[in-house]
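Enquirer: Structure file structure35.tsv, TSV, C-alpha atoms and all ligand atoms, is pasted below:
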```tsv
chain	number	residue	atom	x	y	z
A	1187	MET	CA	132.25	128.95	158.54
A	1188	TYR	CA	131.99	132.74	158.61
A	1189	ASP	CA	135.40	133.02	156.92
A	1190	ASP	CA	133.93	131.82	153.67
A	1191	ILE	CA	131.26	134.50	153.61
A	1192	TYR	CA	132.66	137.50	155.43
A	1193	GLU	CA	135.98	139.04	154.56
A	1194	ASN	CA	136.87	141.09	157.61
A	1195	ASP	CA	136.48	140.67	161.39
A	1196	ASP	CA	133.96	143.52	161.81
A	1197	GLU	CA	131.47	141.84	159.55
A	1198	VAL	CA	131.95	138.56	161.41
A	1199	ILE	CA	131.22	140.27	164.76
A	1200	ASN	CA	128.15	142.04	163.33
A	1201	ALA	CA	126.91	138.76	161.90
A	1202	ILE	CA	127.31	137.02	165.25
A	1203	VAL	CA	125.44	139.82	167.07
A	1204	ASP	CA	122.73	139.66	164.39
A	1205	ASP	CA	122.58	135.90	164.75
A	1206	GLU	CA	122.08	136.16	168.48
A	1207	GLY	CA	119.28	138.72	168.01
A	1208	MET	CA	117.71	136.53	165.40
A	1209	ALA	CA	117.99	133.47	167.59
A	1210	SER	CA	116.08	135.15	170.40
A	1211	VAL	CA	113.38	136.39	167.99
A	1212	GLN	CA	113.18	132.86	166.61
A	1213	LEU	CA	112.82	131.47	170.13
A	1214	VAL	CA	109.99	133.89	171.00
A	1215	TYR	CA	108.27	133.11	167.71
A	1216	THR	CA	108.64	129.34	168.22
A	1217	VAL	CA	107.22	129.45	171.75
A	1218	ALA	CA	104.30	131.62	170.61
A	1219	TYR	CA	103.58	129.38	167.62
A	1220	VAL	CA	103.67	126.19	169.69
A	1221	LEU	CA	101.37	127.74	172.33
A	1222	ILE	CA	98.84	128.94	169.76
A	1223	SER	CA	98.95	125.56	168.00
A	1224	ILE	CA	98.29	123.70	171.25
A	1225	CYS	CA	95.39	126.02	172.00
A	1226	LEU	CA	93.93	125.37	168.56
A	1227	ILE	CA	94.40	121.59	168.74
A	1228	ALA	CA	93.15	121.16	172.31
A	1229	PRO	CA	91.40	124.41	173.13
A	1230	PRO	CA	91.26	125.28	176.85
A	1231	THR	CA	87.88	126.31	178.27
A	1232	GLU	CA	88.76	130.02	177.98
A	1233	PHE	CA	89.37	129.65	174.22
A	1234	VAL	CA	86.12	127.76	173.74
A	1235	SER	CA	84.07	130.36	175.60
A	1236	ALA	CA	85.71	133.11	173.54
A	1237	GLY	CA	84.69	131.22	170.37
A	1238	LEU	CA	88.31	130.74	169.26
A	1239	THR	CA	88.00	127.22	167.91
A	1240	VAL	CA	88.54	125.69	164.49
A	1241	GLN	CA	84.83	124.82	164.42
A	1242	ASN	CA	83.79	128.44	164.88
A	1243	VAL	CA	86.32	129.81	162.41
A	1244	LEU	CA	85.12	127.32	159.79
A	1245	SER	CA	81.43	127.51	160.69
A	1246	ASN	CA	80.43	128.59	157.17
A	1247	PHE	CA	82.06	125.56	155.61
A	1248	LEU	CA	80.82	123.13	158.25
A	1249	GLY	CA	77.15	124.10	158.10
A	1250	SER	CA	74.76	123.62	160.99
A	1251	GLU	CA	75.34	120.77	163.42
A	1252	ASN	CA	71.71	120.87	164.49
A	1253	MET	CA	70.31	120.57	160.98
A	1254	ASN	CA	72.70	117.99	159.62
A	1255	PHE	CA	74.63	116.36	162.44
A	1256	ILE	CA	76.41	113.62	160.47
A	1257	TYR	CA	77.53	115.79	157.53
A	1258	TYR	CA	78.69	118.39	160.02
A	1259	HIS	CA	81.00	115.89	161.71
A	1260	ILE	CA	82.20	114.44	158.41
A	1261	ARG	CA	83.23	117.95	157.36
A	1262	ARG	CA	84.56	118.83	160.82
A	1263	THR	CA	86.88	115.82	161.02
A	1264	THR	CA	88.13	116.41	157.47
A	1265	ALA	CA	88.74	120.11	158.11
A	1266	THR	CA	90.50	119.32	161.39
A	1267	LEU	CA	92.82	116.85	159.67
A	1268	LEU	CA	93.69	119.38	156.94
A	1269	PHE	CA	94.13	122.19	159.42
A	1270	HIS	CA	96.44	120.25	161.74
A	1271	SER	CA	98.50	119.03	158.78
A	1272	ILE	CA	99.45	122.56	157.71
A	1273	LEU	CA	100.67	123.64	161.16
A	1274	PRO	CA	104.37	122.65	160.56
A	1275	LEU	CA	104.38	124.37	157.16
A	1276	GLY	CA	102.74	127.40	158.77
A	1277	TYR	CA	105.64	127.46	161.22
A	1278	CYS	CA	108.20	127.59	158.38
A	1279	LEU	CA	106.25	130.32	156.56
A	1280	GLY	CA	105.95	132.33	159.78
A	1281	LEU	CA	109.68	131.99	160.30
A	1282	TRP	CA	110.15	133.61	156.92
A	1283	VAL	CA	107.58	136.39	157.41
A	1284	PHE	CA	108.18	137.29	161.07
A	1285	VAL	CA	111.81	136.30	161.67
A	1286	GLY	CA	113.21	136.69	158.17
A	1287	ILE	CA	114.65	133.19	157.78
A	1288	ASN	CA	113.63	131.84	154.41
A	1289	PHE	CA	113.43	128.24	153.32
A	1290	VAL	CA	116.87	128.23	151.66
A	1291	GLN	CA	118.56	129.51	154.82
A	1292	LEU	CA	116.61	127.01	156.89
A	1293	TRP	CA	117.53	124.17	154.56
A	1294	SER	CA	121.24	124.95	154.88
A	1295	THR	CA	121.13	125.01	158.70
A	1296	SER	CA	121.09	121.30	159.48
A	1297	LEU	CA	119.84	117.89	158.50
A	1298	TYR	CA	117.05	118.14	161.11
A	1299	TRP	CA	115.69	121.26	159.45
A	1300	GLN	CA	115.83	119.54	156.08
A	1301	LEU	CA	113.77	116.67	157.48
A	1302	PHE	CA	111.37	119.14	159.11
A	1303	ILE	CA	110.85	121.02	155.83
A	1304	ILE	CA	110.26	117.81	153.89
A	1305	THR	CA	107.78	116.59	156.52
A	1306	SER	CA	105.97	119.91	156.68
A	1307	ILE	CA	105.44	119.81	152.92
A	1308	LEU	CA	104.54	116.11	152.78
A	1309	LEU	CA	102.02	116.27	155.66
A	1310	PRO	CA	99.50	118.58	153.96
A	1311	CYS	CA	99.90	116.62	150.72
A	1312	CYS	CA	99.07	113.34	152.47
A	1313	ALA	CA	96.21	114.96	154.37
A	1314	ALA	CA	94.82	116.40	151.13
A	1315	LEU	CA	95.00	112.97	149.46
A	1316	ILE	CA	93.17	111.39	152.42
A	1317	ALA	CA	90.54	114.14	152.35
A	1318	LEU	CA	90.09	113.67	148.62
A	1319	TYR	CA	89.66	109.92	149.10
A	1320	TRP	CA	87.04	110.51	151.83
A	1321	TRP	CA	85.20	113.10	149.75
A	1322	ARG	CA	84.91	110.96	146.58
A	1323	ASN	CA	81.59	109.24	146.03
A	1324	LYS	CA	79.73	111.72	148.23
A	1325	TRP	CA	81.86	111.01	151.33
A	1326	ALA	CA	81.13	107.27	151.18
A	1327	ASN	CA	84.78	106.51	152.06
A	1328	HIS	CA	84.84	108.65	155.18
A	1329	PRO	CA	85.27	106.57	158.38
A	1330	ILE	CA	81.98	107.97	159.78
A	1331	ALA	CA	80.09	106.90	156.62
A	1332	LYS	CA	81.68	103.44	156.85
A	1333	LEU	CA	80.69	103.17	160.49
A	1334	LEU	CA	77.11	104.09	159.61
A	1335	GLN	CA	77.13	101.53	156.78
A	1336	ALA	CA	77.98	98.93	159.45
A	1337	HIS	CA	74.80	99.96	161.27
A	1338	ALA	CA	72.61	99.92	158.16
A	1339	PRO	CA	70.32	96.92	157.81
A	1340	ASP	CA	70.75	94.85	154.62
A	1341	GLY	CA	69.77	96.77	151.53
A	1342	SER	CA	69.82	100.11	153.34
A	1343	THR	CA	72.39	102.85	152.87
A	1344	TRP	CA	74.53	104.81	155.29
A	1345	GLN	CA	72.62	107.94	154.31
A	1346	ALA	CA	69.41	106.43	155.69
A	1347	VAL	CA	71.12	105.77	159.03
A	1348	ALA	CA	72.59	109.29	158.94
A	1349	SER	CA	69.19	110.90	158.48
A	1350	ALA	CA	67.73	108.80	161.32
A	1351	ILE	CA	70.53	110.07	163.60
A	1352	ASN	CA	70.07	113.66	162.36
A	1353	ILE	CA	66.39	113.55	163.26
A	1354	GLU	CA	67.09	112.23	166.76
A	1355	PHE	CA	69.85	114.78	167.33
A	1356	ARG	CA	67.40	117.60	166.65
A	1357	ARG	CA	65.18	116.51	169.56
A	1358	ILE	CA	65.61	118.61	172.65
A	1359	ASP	CA	65.46	115.70	175.09
A	1360	LYS	CA	68.87	114.30	174.12
A	1361	PHE	CA	71.56	114.03	176.78
A	1362	THR	CA	74.81	115.84	176.06
A	1363	THR	CA	77.82	116.50	178.21
A	1364	GLY	CA	81.53	117.03	178.04
A	1365	ALA	CA	83.98	119.51	176.71
A	1366	HIS	CA	84.03	120.70	173.18
A	1367	GLY	CA	85.77	118.15	170.97
A	1368	ARG	CA	85.09	115.29	173.37
A	1369	ARG	CA	81.36	115.48	173.76
A	1370	LEU	CA	79.05	112.65	174.74
A	1371	ILE	CA	75.65	112.66	173.04
A	1372	VAL	CA	72.92	110.16	173.92
A	1373	THR	CA	69.71	110.23	171.91
A	1374	ASP	CA	66.77	107.84	172.09
A	1375	SER	CA	68.57	105.13	170.12
A	1376	TRP	CA	72.21	106.20	169.76
A	1377	VAL	CA	75.25	106.75	171.94
A	1378	MET	CA	77.82	108.99	170.28
A	1379	ASN	CA	81.09	110.54	171.33
A	1380	THR	CA	82.96	113.14	169.33
A	1381	ALA	CA	86.74	112.98	168.98
A	1382	THR	CA	89.26	115.13	167.15
A	1383	TYR	CA	89.38	113.10	163.93
A	1384	SER	CA	86.34	110.89	164.38
A	1385	LEU	CA	82.88	110.33	165.78
A	1386	TYR	CA	82.10	107.17	167.71
A	1387	ILE	CA	78.59	105.87	167.15
A	1388	ALA	CA	76.84	102.84	168.65
A	1389	HIS	CA	73.22	101.80	168.59
A	1390	GLN	CA	71.63	101.63	172.03
A	1391	GLY	CA	70.15	98.22	171.27
A	1392	ASP	CA	73.60	96.73	170.56
A	1393	ILE	CA	75.66	97.93	173.47
A	1394	HIS	CA	76.99	96.84	176.83
A	1395	LEU	CA	78.14	99.53	179.20
A	1396	MET	CA	80.71	98.95	181.88
A	1397	LEU	CA	81.82	101.42	184.49
A	1398	ASP	CA	85.58	101.12	184.23
A	1399	ARG	CA	87.24	103.57	186.52
A	1400	THR	CA	86.82	106.93	188.13
A	1401	GLU	CA	89.04	109.96	188.45
A	1402	ASP	CA	88.68	112.08	191.54
A	1403	HIS	CA	89.59	115.72	191.27
A	1404	PRO	CA	89.86	117.24	194.77
A	1405	MET	CA	89.41	120.70	193.26
A	1406	TYR	CA	87.60	121.23	190.01
A	1407	HIS	CA	87.74	124.67	188.39
A	1408	GLU	CA	84.12	124.66	187.21
A	1409	SER	CA	82.47	123.74	190.51
A	1410	GLN	CA	84.81	125.13	193.20
A	1411	THR	CA	84.48	121.81	195.00
A	1412	GLY	CA	85.72	118.32	194.25
A	1413	ALA	CA	84.47	116.36	191.28
A	1414	GLN	CA	84.40	112.74	190.28
A	1415	PHE	CA	84.62	111.68	186.66
A	1416	LEU	CA	83.38	108.31	185.47
A	1417	ASN	CA	84.89	106.42	182.55
A	1418	ILE	CA	82.42	104.04	180.98
A	1419	THR	CA	83.37	101.62	178.22
A	1420	VAL	CA	80.80	101.16	175.48
A	1421	THR	CA	81.09	97.81	173.70
A	1422	SER	CA	78.87	96.95	170.77
A	1423	ILE	CA	77.83	93.42	169.80
A	1424	ASN	CA	78.09	94.66	166.20
A	1425	GLN	CA	81.55	93.42	165.20
A	1426	HIS	CA	82.16	96.33	162.84
A	1427	VAL	CA	81.69	98.84	165.62
A	1428	GLY	CA	84.71	99.31	167.85
A	1429	SER	CA	84.38	99.93	171.55
A	1430	PHE	CA	85.00	103.36	172.99
A	1431	THR	CA	85.12	105.12	176.31
A	1432	ILE	CA	82.75	107.85	177.42
A	1433	ARG	CA	83.55	110.17	180.28
A	1434	LEU	CA	81.25	112.24	182.44
A	1435	ASN	CA	80.91	113.96	185.77
A	1436	SER	CA	79.31	111.69	188.36
A	1437	MET	CA	76.69	114.41	189.02
A	1438	GLU	CA	75.27	113.68	185.56
A	1439	TYR	CA	75.23	109.91	186.05
A	1440	SER	CA	71.53	109.64	186.86
A	1441	ASP	CA	70.59	111.79	183.83
A	1442	LEU	CA	72.64	109.47	181.64
A	1443	LYS	CA	70.98	106.38	183.15
A	1444	ASP	CA	67.56	107.90	182.46
A	1445	LYS	CA	68.44	108.22	178.77
A	1446	LEU	CA	69.91	104.74	178.35
A	1447	GLN	CA	67.92	101.63	177.54
A	1448	THR	CA	70.48	99.30	179.10
A	1449	GLN	CA	72.00	99.08	182.55
A	1450	ILE	CA	75.51	100.29	183.25
A	1451	ARG	CA	77.40	97.40	184.80
A	1452	ASN	CA	79.51	98.29	187.79
A	1453	ALA	CA	81.46	95.06	188.22
A	1454	ARG	CA	84.10	96.70	190.41
A	1455	ASN	CA	81.50	98.21	192.74
A	1456	ILE	CA	82.85	101.69	192.25
A	1457	VAL	CA	81.24	104.16	194.61
A	1458	ILE	CA	79.62	106.92	192.59
A	1459	GLN	CA	79.28	110.34	194.14
A	1460	GLN	CA	75.78	111.59	193.49
A	1461	SER	CA	74.56	115.12	193.33
A	1462	LEU	CA	72.82	116.53	196.39
A	1463	SER	CA	69.39	116.34	194.75
A	1464	ASP	CA	69.97	112.71	193.70
A	1465	ARG	CA	70.98	111.77	197.23
A	1466	PHE	CA	67.95	113.55	198.63
A	1467	LEU	CA	65.61	111.88	196.13
A	1468	GLU	CA	66.96	108.50	197.17
A	1469	ALA	CA	66.27	109.20	200.86
A	1470	PHE	CA	62.89	110.66	199.92
A	1471	ARG	CA	61.97	107.54	197.96
A	1472	LEU	CA	62.99	105.25	200.85
A	1473	GLN	CA	60.91	107.24	203.35
A	1474	VAL	CA	57.81	107.30	201.12
A	1475	ALA	CA	58.11	103.54	200.57
A	1476	GLU	CA	57.91	103.07	204.36
A	1477	ASN	CA	54.82	105.29	204.75
A	1478	ALA	CA	51.35	103.75	204.61
A	1479	ALA	CA	50.08	103.47	201.05
A	1480	PHE	CA	46.96	105.19	199.73
A	1481	HIS	CA	44.45	102.77	198.26
A	1482	LYS	CA	42.89	104.35	195.24
A	1483	PRO	CA	39.08	104.02	194.97
A	1484	PRO	CA	38.19	102.12	191.75
A	1485	ILE	CA	36.41	105.16	190.27
A	1486	MET	CA	39.48	107.38	190.60
A	1487	ASP	CA	41.48	107.76	187.37
A	1488	LEU	CA	45.17	108.58	187.60
A	1489	GLU	CA	46.32	111.20	185.12
A	1490	SER	CA	49.86	112.03	184.11
A	1491	CYS	CA	51.93	114.02	186.60
A	1492	ILE	CA	51.43	117.76	186.12
A	1493	GLY	CA	55.10	118.36	186.93
A	1494	CYS	CA	56.79	116.28	184.24
A	1495	MET	CA	53.81	115.24	182.05
A	1496	GLN	CA	55.60	111.92	181.52
A	1497	LYS	CA	55.00	109.64	184.48
A	1498	THR	CA	51.59	108.79	185.90
A	1499	ALA	CA	50.71	110.60	189.12
A	1500	ASN	CA	51.50	108.14	191.90
A	1501	VAL	CA	51.64	109.97	195.24
A	1502	LYS	CA	48.91	111.33	197.52
A	1503	LEU	CA	49.36	113.65	200.47
A	1504	GLN	CA	47.53	112.55	203.60
A	1505	LYS	CA	48.29	113.64	207.12
A	1506	LEU	CA	49.80	110.63	208.89
A	1507	CYS	CA	52.50	112.21	211.07
A	1508	ALA	CA	50.11	113.15	213.92
A	1509	SER	CA	46.42	113.00	214.80
A	1510	PRO	CA	44.24	115.46	212.79
A	1511	GLN	CA	44.34	118.33	215.32
A	1512	GLU	CA	47.99	117.95	216.34
A	1513	GLY	CA	51.21	119.32	214.87
A	1514	SER	CA	51.70	121.88	212.12
A	1515	CYS	CA	50.84	119.62	209.17
A	1516	VAL	CA	47.41	120.05	207.54
A	1517	GLN	CA	45.29	117.50	205.71
A	1518	CYS	CA	45.39	117.93	201.91
A	1519	TYR	CA	42.28	116.95	199.93
A	1520	CYS	CA	43.82	117.11	196.44
A	1521	ARG	CA	43.58	114.03	194.24
A	1522	PRO	CA	46.93	112.45	193.19
A	1523	MET	CA	48.44	114.82	190.64
A	1524	TRP	CA	52.20	114.35	191.04
A	1525	CYS	CA	54.74	111.62	190.58
A	1526	LEU	CA	57.17	110.71	193.36
A	1527	GLU	CA	60.20	112.33	191.67
A	1528	CYS	CA	58.45	115.62	191.00
A	1529	MET	CA	57.06	115.73	194.54
A	1530	GLY	CA	60.58	115.06	195.86
A	1531	LYS	CA	62.03	117.87	193.74
A	1532	TRP	CA	59.26	120.22	194.85
A	1533	PHE	CA	59.85	119.29	198.51
A	1534	ALA	CA	63.63	119.87	198.14
A	1535	SER	CA	63.06	123.21	196.41
A	1536	ARG	CA	61.05	124.47	199.42
A	1537	GLN	CA	63.84	123.71	201.91
A	1538	ASN	CA	66.69	125.91	203.06
A	1539	GLN	CA	69.25	125.31	200.31
A	1540	GLN	CA	72.12	126.15	202.64
A	1541	GLU	CA	71.25	123.42	205.16
A	1542	PRO	CA	70.63	120.13	203.34
A	1543	GLU	CA	70.91	118.22	206.64
A	1544	THR	CA	67.55	119.71	207.73
A	1545	TRP	CA	65.68	118.69	204.57
A	1546	LEU	CA	64.47	115.29	205.78
A	1547	SER	CA	62.81	116.87	208.81
A	1548	GLY	CA	61.45	119.85	206.87
A	1549	ARG	CA	57.94	120.75	205.71
A	1550	ALA	CA	56.55	122.02	202.43
A	1551	PRO	CA	53.17	123.28	201.20
A	1552	CYS	CA	51.13	121.09	198.83
A	1553	PRO	CA	51.91	122.43	195.31
A	1554	THR	CA	48.17	122.80	194.65
A	1555	CYS	CA	46.27	123.64	197.88
A	1556	ARG	CA	49.21	124.86	200.01
A	1557	ALA	CA	48.36	122.51	202.90
A	1558	VAL	CA	51.60	121.98	204.83
A	1559	PHE	CA	52.99	118.43	204.81
A	1560	CYS	CA	56.10	116.58	205.96
A	1561	MET	CA	57.82	113.51	204.53
A	1562	LEU	CA	55.71	111.18	206.71
A	1563	ASP	CA	52.56	112.45	204.98
A	1564	ILE	CA	53.36	111.25	201.47
A	1565	SER	CA	51.76	107.98	200.37
A	1566	MET	CA	52.30	105.90	197.28
A	1567	VAL	CA	49.04	105.32	195.39
A	1568	THR	CA	48.25	101.65	194.93
B	1601	ZN	ZN	56.35	114.05	187.56
B	1602	ZN	ZN	46.73	119.66	198.33
B	1603	ZN	ZN	53.26	115.89	208.66
```
Using the file provided, produce a representation of the structure as structure tokens.
Expert:
Amino acid sequence: MYDDIYENDDEVINAIVDDEGMASVQLVYTVAYVLISICLIAPPTEFVSAGLTVQNVLSNFLGSENMNFIYYHIRRTTATLLFHSILPLGYCLGLWVFVGINFVQLWSTSLYWQLFIITSILLPCCAALIALYWWRNKWANHPIAKLLQAHAPDGSTWQAVASAINIEFRRIDKFTTGAHGRRLIVTDSWVMNTATYSLYIAHQGDIHLMLDRTEDHPMYHESQTGAQFLNITVTSINQHVGSFTIRLNSMEYSDLKDKLQTQIRNARNIVIQQSLSDRFLEAFRLQVAENAAFHKPPIMDLESCIGCMQKTANVKLQKLCASPQEGSCVQCYCRPMWCLECMGKWFASRQNQQEPETWLSGRAPCPTCRAVFCMLDISMVT
């Protein structure tokens, strides 16, 4: 083919040498472009912590997630779609700028390149048309808006549902977990999971949760030790709401359960690894249930626990492990001021954190009067 273009052998040799140089530059460029694209599409943890994500770059356009959660995700999914659609075209442009191969040269190379160029031009056009369709009518055609419309009671609009979700998202007691781009958010009445091009939303009152399977990671980079991940399928009785899978570390399982109104069914009896404090609290609870109860005099009023301010105080410390003069425990005369969970957490926090096996036989001072007690001295108030 060179014979048509070059007239003498020297030029042919130079062209071949040039071609080889160009091919290696093209290879380096291609590898770099693919790597950067992968990092932008599925950012590794290092990229996220450095703030190098599409969300951060476009933060001005996206607005504040905290102030307007639903609009933020409508804009985020649209921007992500547009951004991903221009990546192939960006590759062709970069080839021109950095390697010096323009579109005409590329076009004449092979049929595959012709297809690639056509696709890279068509993709952003299609994405722009989709985005335009979503945007029309104040985003009413966006999949998230349609999903919210499915949740709206008769006569109500998707905007009303959106503002209800926005308000709940602003509360600080929501449960969130998971990597950027695949985050699970549980508020008082909603279970939501973000995905690259969408946002899954289900109302807590409509859902069934089923623990599906677990993944065990013998070594997990964030914890230095092993980790277990749970995959839970969320199915809604609302026919317009598709089911989706949420994923979380088993250490967060009890926090998730606290935030949910429904039970998580574990039909396959999967064994869930609990965090150390959860395992301790379970043992603590069992021991306290075996101890003699404290019968509250009728005039005594139980106030809310001063640890969490949520539950009613339900435990009393009374020396039961030995007779009054024996042992190192001391009688506490405080009225019930703590709930079982908070007392358990307090007890665990006063133990040697390096030796969890000694916790059950340990001692702690009463949080109020400092009288020393052991686990046999804690009574449920009845
Ligand atoms: Zn409490
Ligand atoms: Zn006390
Ligand atoms: Zn004791």
Enquirer: Given all atoms listed in the file as the basis, pick out the residue of A:His1403, A:Arg1368, A:Lys1531, A:His1389 nearest to ligand ZN 1601 (chain B).
Expert: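 Checking each of A:His1403, A:Arg1368, A:Lys1531, A:His1389 against ligand ZN 1601 (chain B), counting all atoms listed in the file, the winner is A:Lys1531.
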Enquirer: Show which residues sit within 8 Å of Trp1524 in chain A, as a ChimeraX atom specification. Count all atoms listed in the file, and ignore same-chain residues fewer than 4 positions away.
Expert: /A:1490-1493,1498-1502,1528-1529
Enquirer: Can you find the residues with an atom no farther than 9 Å from (81.5, 117.1, 162.6), counting only C-alpha atoms, and report them as a PyMOL selection string?
Expert: chain A and resi 1241+1248+1251+1255-1264+1380+1383-1385
Enquirer: For the selection just defined, write its residues with C-alpha atoms to a file, as a compact mmCIF listing (two decimals), in the frame of the given file.
Expert:
```txt
# COMPACT_ATOMS: atom_id res chain seq x y z
CA GLN A 1241 84.83 124.82 164.42
CA LEU A 1248 80.82 123.13 158.25
CA GLU A 1251 75.34 120.77 163.42
CA PHE A 1255 74.63 116.36 162.44
CA ILE A 1256 76.41 113.62 160.47
CA TYR A 1257 77.53 115.79 157.53
CA TYR A 1258 78.69 118.39 160.02
CA HIS A 1259 81.00 115.89 161.71
CA ILE A 1260 82.20 114.44 158.41
CA ARG A 1261 83.23 117.95 157.36
CA ARG A 1262 84.56 118.83 160.82
CA THR A 1263 86.88 115.82 161.02
CA THR A 1264 88.13 116.41 157.47
CA THR A 1380 82.96 113.14 169.33
CA TYR A 1383 89.38 113.10 163.93
CA SER A 1384 86.34 110.89 164.38
CA LEU A 1385 82.88 110.33 165.78
```
Enquirer: How many Å lie between CA of Ile1307 in chain A and CA of Thr1216 in chain A, rounded to one decimal?
Expert: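 Distance reported for this atom pair: 18.3 Å.
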Enquirer: Just the residues within 12 Å of Leu1226 in chain A, please, counting only C-alpha atoms, with nothing from its chain fewer than 2 positions along; format it as a ChimeraX atom specification.
Expert: /A:1219-1224,1228-1234,1237-1243,1266,1269-1270,1273,1366-1367,1382
Enquirer: Within 12 Å of Ser1514 in chain A, counting all atoms listed in the file, which residues qualify if same-chain residues fewer than 2 places away don't, as an NGL selection string?
Expert: :A and (1505-1512 or 1516-1517 or 1548-1551 or 1557-1560 or 1563)
Enquirer: Next, dump the selected residues to file, keeping only C-alpha atoms, as a PDB file, in the frame of the given file.
Expert:
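Output file part-v3.pdb follows:
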```pdb
ATOM      1  CA  LYS A1505      48.290 113.640 207.120  1.00  0.00           C
ATOM      2  CA  LEU A1506      49.800 110.630 208.890  1.00  0.00           C
ATOM      3  CA  CYS A1507      52.500 112.210 211.070  1.00  0.00           C
ATOM      4  CA  ALA A1508      50.110 113.150 213.920  1.00  0.00           C
ATOM      5  CA  SER A1509      46.420 113.000 214.800  1.00  0.00           C
ATOM      6  CA  PRO A1510      44.240 115.460 212.790  1.00  0.00           C
ATOM      7  CA  GLN A1511      44.340 118.330 215.320  1.00  0.00           C
ATOM      8  CA  GLU A1512      47.990 117.950 216.340  1.00  0.00           C
ATOM      9  CA  VAL A1516      47.410 120.050 207.540  1.00  0.00           C
ATOM     10  CA  GLN A1517      45.290 117.500 205.710  1.00  0.00           C
ATOM     11  CA  GLY A1548      61.450 119.850 206.870  1.00  0.00           C
ATOM     12  CA  ARG A1549      57.940 120.750 205.710  1.00  0.00           C
ATOM     13  CA  ALA A1550      56.550 122.020 202.430  1.00  0.00           C
ATOM     14  CA  PRO A1551      53.170 123.280 201.200  1.00  0.00           C
ATOM     15  CA  ALA A1557      48.360 122.510 202.900  1.00  0.00           C
ATOM     16  CA  VAL A1558      51.600 121.980 204.830  1.00  0.00           C
ATOM     17  CA  PHE A1559      52.990 118.430 204.810  1.00  0.00           C
ATOM     18  CA  CYS A1560      56.100 116.580 205.960  1.00  0.00           C
ATOM     19  CA  ASP A1563      52.560 112.450 204.980  1.00  0.00           C
TER      20      ASP A1563
END
```
Enquirer: Report the distance between CA of Ala1348 in chain A and CA of Gln1335 in chain A in Å, rounded to one decimal place.
Expert: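 Distance between the two atoms: 9.2 Å.
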Enquirer: Between chain A and ligand ZN 1602 (chain B), at 7 Å or less, what are the per-residue closest atom pairs and their distances in Å? Count all atoms listed in the file, order by chain and rising residue number, and return it as CSV.
Expert:
```
residue,atom,partner,partner_atom,distance
A:Leu1503,CA,B:ZN1602,ZN,6.9
A:Cys1518,CA,B:ZN1602,ZN,4.2
A:Tyr1519,CA,B:ZN1602,ZN,5.5
A:Cys1520,CA,B:ZN1602,ZN,4.3
A:Cys1552,CA,B:ZN1602,ZN,4.7
A:Pro1553,CA,B:ZN1602,ZN,6.6
A:Thr1554,CA,B:ZN1602,ZN,5.0
A:Cys1555,CA,B:ZN1602,ZN,4.0
A:Arg1556,CA,B:ZN1602,ZN,6.0
A:Ala1557,CA,B:ZN1602,ZN,5.6
```
Enquirer: Save the residues we just selected, C-alpha atoms, as a PDB file, in the coordinates of the input?
Expert:
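Produced file result_31.pdb, reproduced below:
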```
ATOM      1  CA  LEU A1503      49.360 113.650 200.470  1.00  0.00           C
ATOM      2  CA  CYS A1518      45.390 117.930 201.910  1.00  0.00           C
ATOM      3  CA  TYR A1519      42.280 116.950 199.930  1.00  0.00           C
ATOM      4  CA  CYS A1520      43.820 117.110 196.440  1.00  0.00           C
ATOM      5  CA  CYS A1552      51.130 121.090 198.830  1.00  0.00           C
ATOM      6  CA  PRO A1553      51.910 122.430 195.310  1.00  0.00           C
ATOM      7  CA  THR A1554      48.170 122.800 194.650  1.00  0.00           C
ATOM      8  CA  CYS A1555      46.270 123.640 197.880  1.00  0.00           C
ATOM      9  CA  ARG A1556      49.210 124.860 200.010  1.00  0.00           C
ATOM     10  CA  ALA A1557      48.360 122.510 202.900  1.00  0.00           C
TER      11      ALA A1557
END
```
Enquirer: Output requested as a PDB file, in the frame of the given file - range 1274-1281 of chain A, filled out with N, CA and C atoms.
Expert:
```
ATOM      1  N   PRO A1274     102.901 122.560 160.706  1.00  0.00           N
ATOM      2  CA  PRO A1274     104.370 122.650 160.560  1.00  0.00           C
ATOM      3  C   PRO A1274     104.787 123.577 159.421  1.00  0.00           C
ATOM      4  N   LEU A1275     104.060 123.498 158.290  1.00  0.00           N
ATOM      5  CA  LEU A1275     104.380 124.370 157.160  1.00  0.00           C
ATOM      6  C   LEU A1275     104.130 125.826 157.537  1.00  0.00           C
ATOM      7  N   GLY A1276     103.057 126.048 158.293  1.00  0.00           N
ATOM      8  CA  GLY A1276     102.740 127.400 158.770  1.00  0.00           C
ATOM      9  C   GLY A1276     103.880 127.934 159.631  1.00  0.00           C
ATOM     10  N   TYR A1277     104.504 127.044 160.393  1.00  0.00           N
ATOM     11  CA  TYR A1277     105.640 127.460 161.220  1.00  0.00           C
ATOM     12  C   TYR A1277     106.779 127.963 160.338  1.00  0.00           C
ATOM     13  N   CYS A1278     107.099 127.203 159.284  1.00  0.00           N
ATOM     14  CA  CYS A1278     108.200 127.590 158.380  1.00  0.00           C
ATOM     15  C   CYS A1278     107.883 128.916 157.686  1.00  0.00           C
ATOM     16  N   LEU A1279     106.639 129.077 157.235  1.00  0.00           N
ATOM     17  CA  LEU A1279     106.250 130.320 156.560  1.00  0.00           C
ATOM     18  C   LEU A1279     106.341 131.499 157.528  1.00  0.00           C
ATOM     19  N   GLY A1280     105.894 131.271 158.771  1.00  0.00           N
ATOM     20  CA  GLY A1280     105.950 132.330 159.780  1.00  0.00           C
ATOM     21  C   GLY A1280     107.374 132.724 160.090  1.00  0.00           C
ATOM     22  N   LEU A1281     108.255 131.732 160.064  1.00  0.00           N
ATOM     23  CA  LEU A1281     109.680 131.990 160.300  1.00  0.00           C
ATOM     24  C   LEU A1281     110.218 132.950 159.243  1.00  0.00           C
TER      25      LEU A1281
END
```
